[in-house]
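> Input protein08.txt, format and content: compact mmCIF, C-alpha atoms.
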# COMPACT_ATOMS: atom_id res chain seq x y z
CA MET A 1 -110.57 95.92 -110.36
CA GLY A 2 -109.30 99.13 -111.89
CA ARG A 3 -110.74 101.55 -114.45
CA GLU A 4 -109.26 102.95 -117.62
CA ALA A 5 -111.00 106.34 -117.66
CA GLY A 6 -110.25 109.25 -115.41
CA ALA A 7 -112.46 110.46 -112.61
CA ALA A 8 -116.18 110.04 -113.02
CA ARG A 9 -118.31 113.00 -113.97
CA ALA A 10 -119.25 115.43 -111.23
CA VAL A 11 -121.88 114.16 -108.85
CA ALA A 12 -125.14 115.96 -109.48
CA PHE A 13 -126.87 114.84 -106.30
CA PRO A 14 -125.57 114.68 -102.74
CA LEU A 15 -124.57 111.20 -101.53
CA VAL A 16 -126.64 110.02 -98.60
CA ASN A 17 -125.72 106.92 -96.65
CA ALA A 18 -128.02 104.15 -97.84
CA THR A 19 -128.25 102.70 -94.36
CA ASP A 20 -129.12 105.91 -92.45
CA SER A 21 -132.84 105.62 -93.14
CA PRO A 22 -133.39 102.98 -95.82
CA TYR A 23 -136.68 102.61 -97.63
CA LEU A 24 -137.27 98.89 -98.12
CA VAL A 25 -138.86 98.28 -101.51
CA GLY A 26 -139.16 95.44 -104.00
CA LEU A 27 -137.80 96.25 -107.45
CA ASN A 28 -139.29 94.74 -110.58
CA LEU A 29 -136.12 94.15 -112.62
CA GLU A 30 -137.58 91.71 -115.12
CA GLY A 31 -136.32 92.57 -118.58
CA ARG A 32 -134.39 95.56 -117.23
CA ARG A 33 -130.65 96.13 -117.54
CA VAL A 34 -128.55 95.63 -114.42
CA VAL A 35 -124.80 96.24 -114.46
CA VAL A 36 -122.53 94.36 -112.07
CA VAL A 37 -118.94 95.55 -111.96
CA GLY A 38 -116.70 92.83 -110.58
CA GLY A 39 -116.69 89.10 -111.19
CA GLY A 40 -115.29 87.66 -107.96
CA THR A 41 -116.92 85.74 -105.14
CA VAL A 42 -119.12 88.68 -104.11
CA ALA A 43 -120.59 88.91 -107.59
CA GLN A 44 -120.95 85.14 -107.62
CA ARG A 45 -123.24 85.40 -104.57
CA ARG A 46 -125.26 88.36 -105.88
CA LEU A 47 -125.83 87.24 -109.47
CA PRO A 48 -128.18 84.26 -108.91
CA LEU A 49 -130.87 86.42 -107.28
CA LEU A 50 -130.66 89.00 -110.05
CA ILE A 51 -130.93 86.24 -112.64
CA SER A 52 -133.87 84.60 -110.86
CA CYS A 53 -135.89 87.83 -110.91
CA GLY A 54 -135.49 88.14 -114.68
CA ALA A 55 -132.98 90.99 -114.83
CA VAL A 56 -130.88 91.45 -117.96
CA VAL A 57 -127.50 91.28 -116.24
CA HIS A 58 -124.27 92.57 -117.73
CA VAL A 59 -121.00 91.89 -115.90
CA ILE A 60 -117.86 93.96 -116.36
CA THR A 61 -114.73 92.53 -114.79
CA ARG A 62 -111.06 91.92 -115.40
CA GLU A 63 -111.47 88.27 -114.48
CA ALA A 64 -114.30 86.08 -113.31
CA THR A 65 -114.65 83.07 -111.05
CA PRO A 66 -115.47 79.78 -112.78
CA ALA A 67 -119.05 80.03 -111.50
CA VAL A 68 -119.52 83.50 -113.00
CA GLU A 69 -117.97 82.29 -116.27
CA ALA A 70 -120.46 79.41 -116.29
CA MET A 71 -123.36 81.84 -115.90
CA ALA A 72 -122.10 83.69 -118.96
CA THR A 73 -121.52 80.50 -120.95
CA SER A 74 -125.07 79.34 -120.22
CA GLY A 75 -126.49 82.68 -121.35
CA GLN A 76 -127.74 83.75 -117.94
CA VAL A 77 -125.59 86.90 -118.01
CA THR A 78 -123.40 88.71 -120.51
CA ILE A 79 -119.82 89.52 -119.60
CA GLU A 80 -116.99 91.79 -120.72
CA LEU A 81 -113.48 91.02 -119.46
CA ARG A 82 -112.05 94.52 -119.07
CA ASP A 83 -111.71 97.44 -116.68
CA TYR A 84 -114.66 99.58 -115.67
CA ARG A 85 -115.05 102.78 -117.72
CA GLU A 86 -117.21 105.82 -117.15
CA GLY A 87 -120.41 105.37 -119.13
CA ASP A 88 -120.71 101.64 -118.44
CA LEU A 89 -123.92 102.20 -116.51
CA ALA A 90 -125.75 103.74 -119.46
CA ASP A 91 -129.37 102.52 -119.69
CA ALA A 92 -129.08 100.54 -116.43
CA TRP A 93 -131.85 100.52 -113.86
CA TYR A 94 -129.68 99.16 -111.07
CA ALA A 95 -125.98 98.65 -110.47
CA VAL A 96 -123.72 96.69 -108.14
CA ALA A 97 -120.15 97.78 -107.43
CA CYS A 98 -118.30 94.74 -106.12
CA THR A 99 -114.71 95.15 -107.23
CA ASP A 100 -111.79 94.78 -104.87
CA GLU A 101 -110.62 98.39 -105.38
CA ALA A 102 -112.22 101.13 -103.28
CA ASP A 103 -111.47 103.90 -105.79
CA THR A 104 -113.23 102.01 -108.55
CA ASN A 105 -116.27 101.35 -106.38
CA ILE A 106 -116.39 105.06 -105.47
CA ALA A 107 -116.37 105.99 -109.16
CA ILE A 108 -119.15 103.50 -109.96
CA VAL A 109 -121.37 104.88 -107.18
CA ALA A 110 -120.63 108.43 -108.40
CA GLU A 111 -121.65 107.63 -111.97
CA ALA A 112 -124.77 105.83 -110.75
CA THR A 113 -125.78 108.73 -108.53
CA ALA A 114 -125.28 111.27 -111.32
CA SER A 115 -127.44 109.11 -113.61
CA ARG A 116 -130.11 108.50 -110.95
CA ILE A 117 -129.36 104.78 -110.88
CA PHE A 118 -129.52 103.09 -107.50
CA CYS A 119 -126.22 101.38 -106.76
CA VAL A 120 -125.08 98.86 -104.16
CA ARG A 121 -121.51 99.23 -102.96
CA ALA A 122 -120.58 95.78 -101.72
CA ASP A 123 -117.41 96.67 -99.80
CA ILE A 124 -118.87 99.58 -97.78
CA ALA A 125 -122.65 99.26 -97.85
CA LYS A 126 -123.36 102.63 -96.21
CA ASP A 127 -121.55 104.46 -99.02
CA GLY A 128 -123.83 103.16 -101.76
CA THR A 129 -127.29 104.44 -102.61
CA ALA A 130 -128.95 101.06 -102.09
CA VAL A 131 -128.45 98.16 -99.72
CA THR A 132 -129.14 94.53 -100.53
CA PRO A 133 -131.23 92.94 -97.76
CA ALA A 134 -130.75 89.44 -96.46
CA SER A 135 -133.63 87.82 -98.32
CA ALA A 136 -135.44 84.52 -98.64
CA GLU A 137 -138.47 83.05 -100.37
CA TRP A 138 -141.22 81.45 -98.32
CA ASP A 139 -144.42 80.07 -99.79
CA GLY A 140 -144.99 82.98 -102.15
CA LEU A 141 -143.54 85.58 -99.80
CA THR A 142 -140.25 87.41 -100.24
CA LEU A 143 -138.69 88.28 -96.90
CA GLY A 144 -136.03 90.97 -96.58
CA VAL A 145 -134.07 92.15 -93.54
CA LEU A 146 -131.85 95.23 -93.33
CA ALA A 147 -129.50 95.88 -90.40
CA GLY A 148 -127.69 99.06 -91.29
CA GLY A 149 -125.13 97.26 -93.40
CA GLU A 150 -124.40 94.62 -90.73
CA HIS A 151 -124.82 91.68 -93.07
CA ARG A 152 -124.24 88.96 -90.48
CA ARG A 153 -126.93 90.40 -88.25
CA SER A 154 -129.49 90.69 -91.04
CA ALA A 155 -128.69 87.15 -92.23
CA ALA A 156 -129.09 85.79 -88.69
CA VAL A 157 -132.51 87.42 -88.29
CA ARG A 158 -133.57 86.26 -91.76
CA ASN A 159 -132.58 82.67 -90.90
CA ALA A 160 -134.41 82.82 -87.57
CA VAL A 161 -137.63 84.03 -89.21
CA ILE A 162 -137.46 81.29 -91.85
CA GLU A 163 -136.84 78.65 -89.18
CA ALA A 164 -139.80 79.95 -87.18
CA LEU A 165 -142.04 79.70 -90.25
CA GLN A 166 -140.77 76.20 -91.02
CA SER A 167 -141.42 74.98 -87.49
CA GLY A 168 -144.82 76.64 -87.23
CA VAL A 169 -143.77 78.96 -84.40
CA VAL A 170 -144.67 81.83 -86.71
CA ALA A 171 -147.65 81.23 -88.98
CA ASP A 172 -148.91 83.09 -92.01
CA SER A 173 -152.48 83.63 -90.85
CA ALA A 174 -153.52 84.62 -94.35
CA HIS A 175 -152.36 81.32 -95.79
CA ALA A 176 -155.08 79.60 -97.77
CA PRO A 177 -156.01 76.19 -96.33
CA LEU A 178 -154.17 73.37 -98.04
CA THR A 179 -156.06 70.36 -99.36
CA GLY A 180 -155.25 66.82 -100.34
CA VAL A 181 -152.29 64.77 -99.20
CA ALA A 182 -148.55 65.44 -99.05
CA LEU A 183 -146.21 62.45 -99.17
CA VAL A 184 -143.23 63.78 -97.23
CA GLY A 185 -139.84 62.16 -96.85
CA GLY A 186 -138.62 62.87 -93.33
CA GLY A 187 -134.99 61.97 -93.98
CA PRO A 188 -132.75 59.44 -92.22
CA GLY A 189 -133.65 60.25 -88.61
CA ASP A 190 -132.15 63.55 -87.51
CA PRO A 191 -135.09 65.99 -87.55
CA ASP A 192 -132.85 68.73 -88.96
CA LEU A 193 -132.44 66.70 -92.15
CA ILE A 194 -136.03 66.99 -93.34
CA THR A 195 -136.34 69.30 -96.34
CA VAL A 196 -137.48 72.90 -95.90
CA ARG A 197 -140.62 72.18 -97.92
CA GLY A 198 -141.38 69.05 -95.93
CA ARG A 199 -141.20 70.90 -92.63
CA ARG A 200 -143.34 73.72 -93.98
CA LEU A 201 -146.12 71.38 -95.11
CA LEU A 202 -145.94 69.53 -91.81
CA ALA A 203 -146.65 72.81 -90.02
CA TYR A 204 -149.92 73.15 -91.99
CA ALA A 205 -151.14 69.58 -91.40
CA ASP A 206 -154.49 68.71 -89.89
CA VAL A 207 -153.69 64.99 -89.91
CA VAL A 208 -150.27 63.31 -89.87
CA VAL A 209 -149.93 59.62 -90.74
CA ALA A 210 -146.45 58.76 -89.50
CA ASP A 211 -144.11 55.82 -90.00
CA ARG A 212 -141.97 54.38 -87.22
CA LEU A 213 -138.83 55.67 -88.96
CA ALA A 214 -140.15 59.22 -89.35
CA PRO A 215 -138.21 61.56 -87.02
CA PRO A 216 -140.29 61.54 -83.79
CA GLU A 217 -139.07 65.01 -82.78
CA LEU A 218 -141.02 66.42 -85.72
CA LEU A 219 -144.25 65.11 -84.23
CA ALA A 220 -143.49 66.90 -80.97
CA GLU A 221 -143.60 70.20 -82.87
CA LEU A 222 -147.18 69.67 -84.02
CA GLY A 223 -150.02 71.66 -82.51
CA PRO A 224 -152.52 69.98 -80.15
CA HIS A 225 -155.23 70.13 -82.83
CA VAL A 226 -153.29 67.85 -85.20
CA GLU A 227 -154.46 64.24 -85.36
CA VAL A 228 -151.50 61.81 -85.46
CA ILE A 229 -152.08 58.32 -86.83
CA ASP A 230 -149.42 55.73 -86.06
CA ALA A 231 -148.67 53.75 -89.23
CA SER A 232 -145.68 51.91 -87.80
CA LYS A 233 -144.34 48.78 -89.40
CA ILE A 234 -142.19 47.14 -86.75
CA PRO A 235 -139.78 44.52 -88.19
CA TYR A 236 -141.13 41.05 -87.41
CA GLY A 237 -143.78 42.68 -85.21
CA ARG A 238 -147.10 44.45 -85.47
CA ALA A 239 -147.85 46.56 -88.48
CA MET A 240 -150.63 48.72 -89.86
CA ALA A 241 -151.74 47.15 -93.13
CA GLN A 242 -150.96 49.19 -96.23
CA GLU A 243 -154.63 49.13 -97.22
CA ALA A 244 -155.54 50.67 -93.86
CA ILE A 245 -152.90 53.38 -94.34
CA ASN A 246 -154.27 54.17 -97.78
CA GLN A 247 -157.79 54.41 -96.41
CA ALA A 248 -156.70 56.72 -93.57
CA LEU A 249 -155.16 59.08 -96.12
CA ILE A 250 -158.28 58.97 -98.30
CA ASP A 251 -160.69 59.48 -95.40
CA GLY A 252 -158.75 62.43 -94.02
CA ALA A 253 -158.53 64.18 -97.39
CA LYS A 254 -162.21 63.58 -98.18
CA ALA A 255 -163.11 65.10 -94.82
CA GLY A 256 -161.54 68.34 -96.04
CA LYS A 257 -158.40 68.00 -93.95
CA PHE A 258 -154.83 68.51 -95.12
CA VAL A 259 -153.05 65.20 -94.58
CA VAL A 260 -149.31 64.68 -94.38
CA ARG A 261 -147.98 61.16 -94.83
CA LEU A 262 -144.66 61.40 -93.00
CA LYS A 263 -142.12 58.74 -93.88
CA GLY A 264 -138.53 58.03 -93.04
CA GLY A 265 -135.98 58.60 -95.78
CA ASP A 266 -137.52 59.21 -99.20
CA PRO A 267 -141.12 58.21 -100.01
CA TYR A 268 -140.07 56.37 -103.16
CA VAL A 269 -137.05 54.45 -101.82
CA PHE A 270 -138.58 51.26 -100.41
CA GLY A 271 -141.24 53.45 -98.83
CA ARG A 272 -144.38 52.37 -100.73
CA GLY A 273 -144.94 56.00 -101.61
CA TYR A 274 -146.01 55.26 -105.15
CA GLU A 275 -148.58 52.71 -103.96
CA GLU A 276 -150.14 55.43 -101.82
CA LEU A 277 -150.02 57.87 -104.73
CA GLU A 278 -151.91 55.39 -106.91
CA ALA A 279 -154.58 54.86 -104.24
CA LEU A 280 -155.09 58.60 -103.79
CA ALA A 281 -155.10 59.31 -107.53
CA ALA A 282 -157.79 56.68 -108.02
CA GLU A 283 -159.98 58.70 -105.64
CA GLY A 284 -159.22 61.99 -107.39
CA ILE A 285 -157.31 63.37 -104.40
CA PRO A 286 -154.52 65.87 -105.16
CA VAL A 287 -151.09 64.72 -103.99
CA THR A 288 -147.88 66.63 -103.35
CA VAL A 289 -144.71 64.56 -103.25
CA VAL A 290 -141.81 65.96 -101.22
CA PRO A 291 -138.57 64.01 -101.71
CA GLY A 292 -136.52 63.16 -98.65
CA ILE A 293 -132.87 62.44 -97.98
CA THR A 294 -132.56 58.68 -98.34
CA SER A 295 -130.76 56.75 -95.61
CA ALA A 296 -128.99 54.73 -98.31
CA ILE A 297 -126.63 57.65 -98.89
CA SER A 298 -126.93 59.86 -95.81
CA VAL A 299 -126.36 57.20 -93.16
CA PRO A 300 -123.06 55.99 -94.67
CA SER A 301 -121.94 59.62 -94.96
CA SER A 302 -122.74 60.15 -91.27
CA ALA A 303 -120.24 57.38 -90.55
CA GLY A 304 -117.60 58.95 -92.78
CA ILE A 305 -118.28 56.59 -95.69
CA PRO A 306 -118.87 57.89 -99.23
CA VAL A 307 -120.83 55.44 -101.37
CA THR A 308 -118.69 56.47 -104.35
CA HIS A 309 -115.09 57.58 -104.76
CA ARG A 310 -113.60 58.39 -108.12
CA ALA A 311 -110.43 56.39 -107.45
CA VAL A 312 -112.27 53.36 -106.08
CA THR A 313 -115.78 52.83 -107.41
CA HIS A 314 -117.88 54.22 -110.23
CA GLU A 315 -121.20 52.73 -109.19
CA PHE A 316 -123.29 51.91 -106.17
CA VAL A 317 -126.41 49.77 -105.86
CA VAL A 318 -129.16 50.05 -103.24
CA VAL A 319 -130.82 46.73 -102.45
CA SER A 320 -133.75 45.80 -100.24
CA GLY A 321 -133.05 42.97 -97.84
CA HIS A 322 -136.61 42.44 -96.67
CA VAL A 323 -136.68 38.91 -98.14
CA ALA A 324 -133.98 36.22 -98.18
CA PRO A 325 -131.93 35.62 -101.37
CA ASP A 326 -133.65 32.30 -102.04
CA HIS A 327 -137.16 33.54 -101.27
CA PRO A 328 -139.57 33.15 -104.21
CA ASP A 329 -140.55 36.83 -103.88
CA SER A 330 -136.96 38.04 -104.27
CA LEU A 331 -136.40 40.13 -107.41
CA VAL A 332 -132.64 40.57 -106.92
CA ASP A 333 -130.09 38.84 -109.15
CA TRP A 334 -127.58 38.16 -106.39
CA ASN A 335 -125.07 36.46 -108.70
CA ALA A 336 -124.97 39.52 -110.94
CA LEU A 337 -124.73 41.76 -107.88
CA ALA A 338 -121.75 39.77 -106.58
CA LYS A 339 -119.83 40.40 -109.79
CA LEU A 340 -120.04 44.19 -109.48
CA LYS A 341 -116.92 45.95 -108.22
CA GLY A 342 -118.69 48.95 -106.74
CA THR A 343 -120.54 49.65 -103.50
CA ILE A 344 -123.56 47.68 -102.33
CA VAL A 345 -125.91 49.34 -99.83
CA LEU A 346 -128.35 47.00 -98.13
CA LEU A 347 -131.48 48.30 -96.41
CA MET A 348 -133.62 46.17 -94.07
CA ALA A 349 -130.92 43.49 -94.14
CA VAL A 350 -129.64 43.16 -90.57
CA GLU A 351 -131.65 40.08 -89.63
CA ARG A 352 -130.45 38.20 -92.73
CA ILE A 353 -126.98 39.65 -93.13
CA GLY A 354 -125.36 36.20 -92.94
CA LEU A 355 -127.44 34.94 -95.87
CA PHE A 356 -126.62 38.00 -97.98
CA ALA A 357 -122.92 37.73 -97.19
CA ASP A 358 -122.88 34.03 -98.10
CA VAL A 359 -124.61 34.51 -101.45
CA LEU A 360 -122.30 37.38 -102.38
CA ILE A 361 -119.21 35.34 -101.55
CA ALA A 362 -120.60 32.38 -103.47
CA GLY A 363 -121.16 34.66 -106.45
CA GLY A 364 -117.54 35.80 -106.51
CA ARG A 365 -117.26 38.76 -104.15
CA PRO A 366 -114.04 38.37 -102.11
CA SER A 367 -114.66 37.24 -98.55
CA ASP A 368 -112.37 39.96 -97.20
CA THR A 369 -114.45 42.76 -98.76
CA PRO A 370 -114.90 45.52 -96.12
CA VAL A 371 -118.34 45.93 -94.57
CA ILE A 372 -119.70 48.57 -92.22
CA VAL A 373 -123.07 48.35 -90.48
CA VAL A 374 -124.53 51.61 -89.15
CA GLN A 375 -127.41 51.47 -86.69
CA GLU A 376 -129.66 54.51 -86.14
CA GLY A 377 -127.58 56.62 -88.48
CA THR A 378 -127.53 60.44 -88.06
CA MET A 379 -128.99 60.06 -84.56
CA ARG A 380 -127.17 60.62 -81.28
CA THR A 381 -127.55 56.89 -80.67
CA GLN A 382 -125.67 55.99 -83.87
CA ARG A 383 -123.55 52.85 -83.61
CA GLU A 384 -121.19 51.28 -86.12
CA VAL A 385 -119.67 47.85 -86.61
CA ARG A 386 -116.84 47.17 -89.06
CA ALA A 387 -116.17 43.72 -90.45
CA THR A 388 -115.67 41.81 -93.70
CA LEU A 389 -118.13 39.73 -95.69
CA SER A 390 -116.91 36.58 -93.98
CA THR A 391 -117.19 38.03 -90.45
CA VAL A 392 -120.08 40.48 -90.62
CA ALA A 393 -122.76 38.06 -89.43
CA ASP A 394 -120.88 37.28 -86.23
CA ALA A 395 -119.96 40.94 -85.72
CA VAL A 396 -123.59 42.03 -86.01
CA ARG A 397 -124.71 39.32 -83.61
CA ASP A 398 -122.00 40.05 -81.05
CA ALA A 399 -122.72 43.80 -81.12
CA GLU A 400 -126.49 43.16 -80.91
CA ILE A 401 -127.16 45.43 -83.86
CA ARG A 402 -130.88 45.89 -84.50
CA PRO A 403 -132.96 47.75 -87.10
CA PRO A 404 -132.92 50.37 -88.36
CA ALA A 405 -129.45 49.80 -89.76
CA ILE A 406 -127.70 50.28 -93.08
CA VAL A 407 -125.13 47.81 -94.43
CA VAL A 408 -122.41 49.10 -96.77
CA ILE A 409 -120.30 46.56 -98.67
CA GLY A 410 -117.26 47.46 -100.74
CA THR A 411 -113.87 49.11 -100.64
CA VAL A 412 -115.33 52.40 -99.39
CA ALA A 413 -116.60 50.62 -96.27
CA GLY A 414 -112.97 50.32 -95.21
CA PHE A 415 -112.35 54.08 -95.27
CA SER A 416 -111.39 55.33 -91.84
CA VAL A 417 -111.67 59.13 -91.79
CA HIS A 418 -114.06 59.27 -88.88
CA ALA A 419 -114.44 60.12 -85.20
CA GLY A 420 -113.41 63.73 -84.60
CA ASN A 421 -113.18 64.40 -88.34
CA VAL A 422 -116.84 63.69 -89.12
CA ASN A 423 -119.68 65.26 -87.16
CA ALA A 424 -122.97 63.57 -88.00
CA ARG A 425 -125.00 66.01 -85.89
CA ALA A 426 -123.78 69.58 -85.66
Represent the structure of the file as structure tokens.

Amino acid sequence: MGREAGAARAVAFPLVNATDSPYLVGLNLEGRRVVVVGGGTVAQRRLPLLISCGAVVHVITREATPAVEAMATSGQVTIELRDYREGDLADAWYAVACTDEADTNIAIVAEATASRIFCVRADIAKDGTAVTPASAEWDGLTLGVLAGGEHRRSAAVRNAVIEALQSGVVADSAHAPLTGVALVGGGPGDPDLITVRGRRLLAYADVVVADRLAPPELLAELGPHVEVIDASKIPYGRAMAQEAINQALIDGAKAGKFVVRLKGGDPYVFGRGYEELEALAAEGIPVTVVPGITSAISVPSSAGIPVTHRAVTHEFVVVSGHVAPDHPDSLVDWNALAKLKGTIVLLMAVERIGLFADVLIAGGRPSDTPVIVVQEGTMRTQREVRATLSTVADAVRDAEIRPPAIVVIGTVAGFSVHAGNVNARA
């Protein structure tokens, strides 16, 4: 990134390393002009935070990455495709020098200093007049960490603090008590796959009503004061009635406790989450819904299987297998399903996989269609069985596959990039 003008005007104030003794402060940039010189990957990382705080951002660069161009196209920033020139920082409150030419960055910092504009120099942080901290948002707080320009160190500390807050190891003692009920999707099984918001709310819970498929490691993180209610529904075994679950949520909330209903996957994907929402709403209890990563997509991916592929399938369907195809309560048009060319993902289908395979074949799906069955997906105990529609029932029986398991039917189920190439749990 070069500049067309000659040397910048004489520096009126002595340059002091921004990292020698930084003063950490939050700037209100809403509605104020910020100039970013450079449109590469560094600018691409810096711009979203400036945009989110309401700054009026102007970018000057010879060329921009597609992401930076998209920000300009959408009106989030303005952009000029040209070299930096002295005077470009006029009327700015803040500047960022992130070109790939040291001389240009030096000139930008010099102009900023002469104009009393704080300026970040991205390539050599200590030579700017401001340093960008590693920052994060947490429940109304903005956290910032400076490490003398050692960005990896500050980012590592920032991440550790956020993780401690999420897990409840570090608590905001000034946090106002939460009320009502949170319906939280715990994800497919690996406790690391719960959402950040879900883990945060779990740390504030007074009562947790947990499903069998909710990651059990998350319960081990709870404090001793937290009441845990087992709402397990064991396939073909004992189960807590849905009405009893609803009442437990209502009773806990009416007692002034913050209740988290912790489910596996996503609350609204065969999770009865909306039924619980209706019951709580009828009692006037506030509800927060936290989506979760559904096993219908995440478990196949943990086995190296994409549910879609642009050269193979343009649709996928998620189907509940909790009742047989010919059961009067079944709402699935299996004949129509069999005629689709895309991917079919079956949940709760292991015990009846032979019936589902037969009805799909009878409806026109080729008997040699690839099938993969993934048991306990994303967990260290994950197991997989590969077969075809005509052989999957025997394969599942011989391998003694048991719930929870996901069945994927379609061309993608035959993909074989796996083993050392795909790491389900890092």
> Just give me the residues with any atom within 8 Å of (-147.1, 63.4, -92.6), file coordinates, counting only C-alpha atoms, written as a PDB file with C-alpha atoms, keeping the file's coordinate frame.

ATOM      1  CA  ALA A 182    -148.550  65.440 -99.050  1.00  0.00           C
ATOM      2  CA  LEU A 183    -146.210  62.450 -99.170  1.00  0.00           C
ATOM      3  CA  VAL A 184    -143.230  63.780 -97.230  1.00  0.00           C
ATOM      4  CA  LEU A 202    -145.940  69.530 -91.810  1.00  0.00           C
ATOM      5  CA  ALA A 205    -151.140  69.580 -91.400  1.00  0.00           C
ATOM      6  CA  VAL A 207    -153.690  64.990 -89.910  1.00  0.00           C
ATOM      7  CA  VAL A 208    -150.270  63.310 -89.870  1.00  0.00           C
ATOM      8  CA  VAL A 209    -149.930  59.620 -90.740  1.00  0.00           C
ATOM      9  CA  ALA A 210    -146.450  58.760 -89.500  1.00  0.00           C
ATOM     10  CA  VAL A 259    -153.050  65.200 -94.580  1.00  0.00           C
ATOM     11  CA  VAL A 260    -149.310  64.680 -94.380  1.00  0.00           C
ATOM     12  CA  ARG A 261    -147.980  61.160 -94.830  1.00  0.00           C
ATOM     13  CA  LEU A 262    -144.660  61.400 -93.000  1.00  0.00           C
ATOM     14  CA  LYS A 263    -142.120  58.740 -93.880  1.00  0.00           C
TER      15      LYS A 263
END
> At a cut-off of 12 Å, using all atoms listed in the file, what residues contact Asp326 (chain A)? Leave out same-chain residues fewer than 2 positions from it and give the result as a VMD selection string.
chain A and resid 321 to 324 328 to 335 352 355 to 356 358 to 359
> So how far away is CA of Gly26 (chain A) from CA of Gly144 (chain A), in Å?
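Separating CA of Gly144 (chain A) from CA of Gly26 (chain A) is a distance of 9.2 Å.
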> Anything within 10 Å of (-122.2, 89.8, -106.3): list those residues as a PyMOL selection string, counting all atoms listed in the file and sticking to the file's coordinates.
chain A and resi 36-50+59+68+96-99+120+122
> What gap, in Å, lies between CA of Thr129 (chain A) and CA of Glu111 (chain A)?
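Calculated distance between CA of Thr129 (chain A) and CA of Glu111 (chain A) is 11.4 Å.
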> Using N, CA and C atoms, give me region 386-402 of chain A from the structure I just pasted, as a compact mmCIF listing (two decimals), in the first residue's frame.

# COMPACT_ATOMS: atom_id res chain seq x y z
N ARG A 386 -21.43 -48.83 8.04
CA ARG A 386 -21.77 -48.50 6.66
C ARG A 386 -22.46 -49.68 6.01
N ALA A 387 -23.48 -49.38 5.22
CA ALA A 387 -24.24 -50.44 4.57
C ALA A 387 -24.98 -49.84 3.38
N THR A 388 -25.97 -50.57 2.86
CA THR A 388 -26.89 -50.05 1.86
C THR A 388 -28.31 -50.22 2.40
N LEU A 389 -29.28 -49.70 1.70
CA LEU A 389 -30.66 -49.85 2.17
C LEU A 389 -31.04 -51.31 2.34
N SER A 390 -30.56 -52.15 1.46
CA SER A 390 -30.95 -53.57 1.53
C SER A 390 -30.21 -54.33 2.62
N THR A 391 -29.10 -53.80 3.12
CA THR A 391 -28.30 -54.53 4.12
C THR A 391 -28.23 -53.85 5.47
N VAL A 392 -28.78 -52.64 5.60
CA VAL A 392 -28.56 -51.88 6.81
C VAL A 392 -29.17 -52.54 8.05
N ALA A 393 -30.31 -53.18 7.91
CA ALA A 393 -30.94 -53.81 9.08
C ALA A 393 -30.04 -54.88 9.67
N ASP A 394 -29.49 -55.73 8.81
CA ASP A 394 -28.59 -56.77 9.30
C ASP A 394 -27.31 -56.18 9.87
N ALA A 395 -26.80 -55.14 9.22
CA ALA A 395 -25.56 -54.51 9.68
C ALA A 395 -25.73 -53.90 11.06
N VAL A 396 -26.85 -53.25 11.29
CA VAL A 396 -27.13 -52.65 12.59
C VAL A 396 -27.27 -53.72 13.66
N ARG A 397 -27.96 -54.80 13.31
CA ARG A 397 -28.13 -55.89 14.27
C ARG A 397 -26.80 -56.55 14.60
N ASP A 398 -26.00 -56.84 13.57
CA ASP A 398 -24.72 -57.53 13.80
C ASP A 398 -23.76 -56.67 14.62
N ALA A 399 -23.80 -55.36 14.41
CA ALA A 399 -22.90 -54.46 15.14
C ALA A 399 -23.46 -54.06 16.50
N GLU A 400 -24.68 -54.49 16.80
CA GLU A 400 -25.34 -54.18 18.07
C GLU A 400 -25.40 -52.68 18.32
N ILE A 401 -25.79 -51.95 17.27
CA ILE A 401 -25.95 -50.51 17.38
C ILE A 401 -27.19 -50.20 18.20
N ARG A 402 -27.05 -49.29 19.15
CA ARG A 402 -28.15 -48.90 20.01
C ARG A 402 -28.30 -47.38 20.02
